[in-house]
Amino acid sequence: MNFSLKEIFTAFMVLFAVIDIIGNIPIIIDLRKKVGHIQSEKASIIAGFIMIVFLFAGEQLLSFIGIDVNSFAVAGAFILFFIALEMILGITLYKEDEDEALNASVFPIAFPLIAGPGSLTTLLSLRAEYSWENILVAILLNVLLIFFVLKTSSRIEKIIGPNGIKIIRKVFGVVLLAISVKLFAANIKILLA
């Protein structure tokens, strides 16, 4: 075991920035209003499981099904783009299912908001630089933080208020839109080269 506090902290901060769970609070609150309840434990565990599997077998999984990391990132950019449009324009593109409360915990919360193309491609980059033990600890710390935010999102909503939520939703919608465009542009260049 090769534990390093510096590597754990750096990997944690990089993942925290990419996952952006604080920035996703308006999306979580909006989804909770649509579906009534979000299973915080389930969303956190599934997101953590996806990230851990991807840490150890990401490149192999993608290459096995004939997808490269860049194509994966472009597909994820489209999903983020449409979620951002919902936030900015106040429209609904996400089709509601009968089992939506169950599904919302998995899609779009666990994937792609938490364990999305940004965090999964980041894990591949971190794997090239840091030892897996430190990245694993960073993932687990992020999952704990995600669980806390998901669990307390209703309290956070009460503190911020409805107008604050609307403002944050629009602002983070634009930020999410910018992230999706950047993710798309960076990876489409590589695919077209």
# chains A, B, ... in the order shown; residues from 1 in each chain; ligands from 1
$ closest_atom_pairs --of "range 73-133 of chain A" --to "range 5-27 of chain A" --cutoff "12 Å" --atoms "only C-alpha atoms" --output "CSV"
residue,atom,partner,partner_atom,distance
A:Leu80,CA,A:Ile27,CA,11.2
A:Ile83,CA,A:Ile27,CA,8.3
A:Ala84,CA,A:Ile27,CA,9.1
A:Leu85,CA,A:Ile27,CA,11.5
A:Glu86,CA,A:Ile27,CA,9.3
A:Met87,CA,A:Ile27,CA,7.5
A:Ile88,CA,A:Ile27,CA,11.0
A:Gly90,CA,A:Ile27,CA,11.5
A:Tyr94,CA,A:Ile27,CA,11.9
A:Ala104,CA,A:Ile27,CA,11.1
A:Pro108,CA,A:Ile27,CA,9.5
A:Ile109,CA,A:Ile27,CA,8.7
A:Ala110,CA,A:Ile19,CA,10.6
A:Phe111,CA,A:Ile19,CA,10.7
A:Pro112,CA,A:Ile19,CA,9.5
A:Leu113,CA,A:Ile19,CA,7.1
A:Ile114,CA,A:Ile19,CA,5.4
A:Ala115,CA,A:Ile19,CA,7.3
A:Gly116,CA,A:Ile19,CA,7.8
A:Pro117,CA,A:Val18,CA,9.6
A:Gly118,CA,A:Val18,CA,6.2
A:Ser119,CA,A:Val18,CA,5.8
A:Leu120,CA,A:Leu15,CA,9.3
A:Thr121,CA,A:Val18,CA,10.0
A:Thr122,CA,A:Leu15,CA,7.2
A:Leu123,CA,A:Leu15,CA,7.9
A:Leu124,CA,A:Leu15,CA,11.4
A:Ser125,CA,A:Ala11,CA,10.2
A:Leu126,CA,A:Ala11,CA,7.0
A:Arg127,CA,A:Ala11,CA,9.7
A:Ala128,CA,A:Ala11,CA,11.8
A:Glu129,CA,A:Glu7,CA,9.3
A:Tyr130,CA,A:Glu7,CA,6.6
A:Ser131,CA,A:Glu7,CA,8.1
A:Trp132,CA,A:Ile8,CA,9.9
A:Glu133,CA,A:Ile8,CA,8.5
$ closest_residue --among "A:Lys34, A:Pro162, A:Gly48, A:Ser40" --to "Leu136 in chain A" --atoms "only C-alpha atoms"
A:Gly48
$ atom_distance --atom1 "CA of Leu144 in chain A" --atom2 "CA of Ala43 in chain A"
11.3 Å
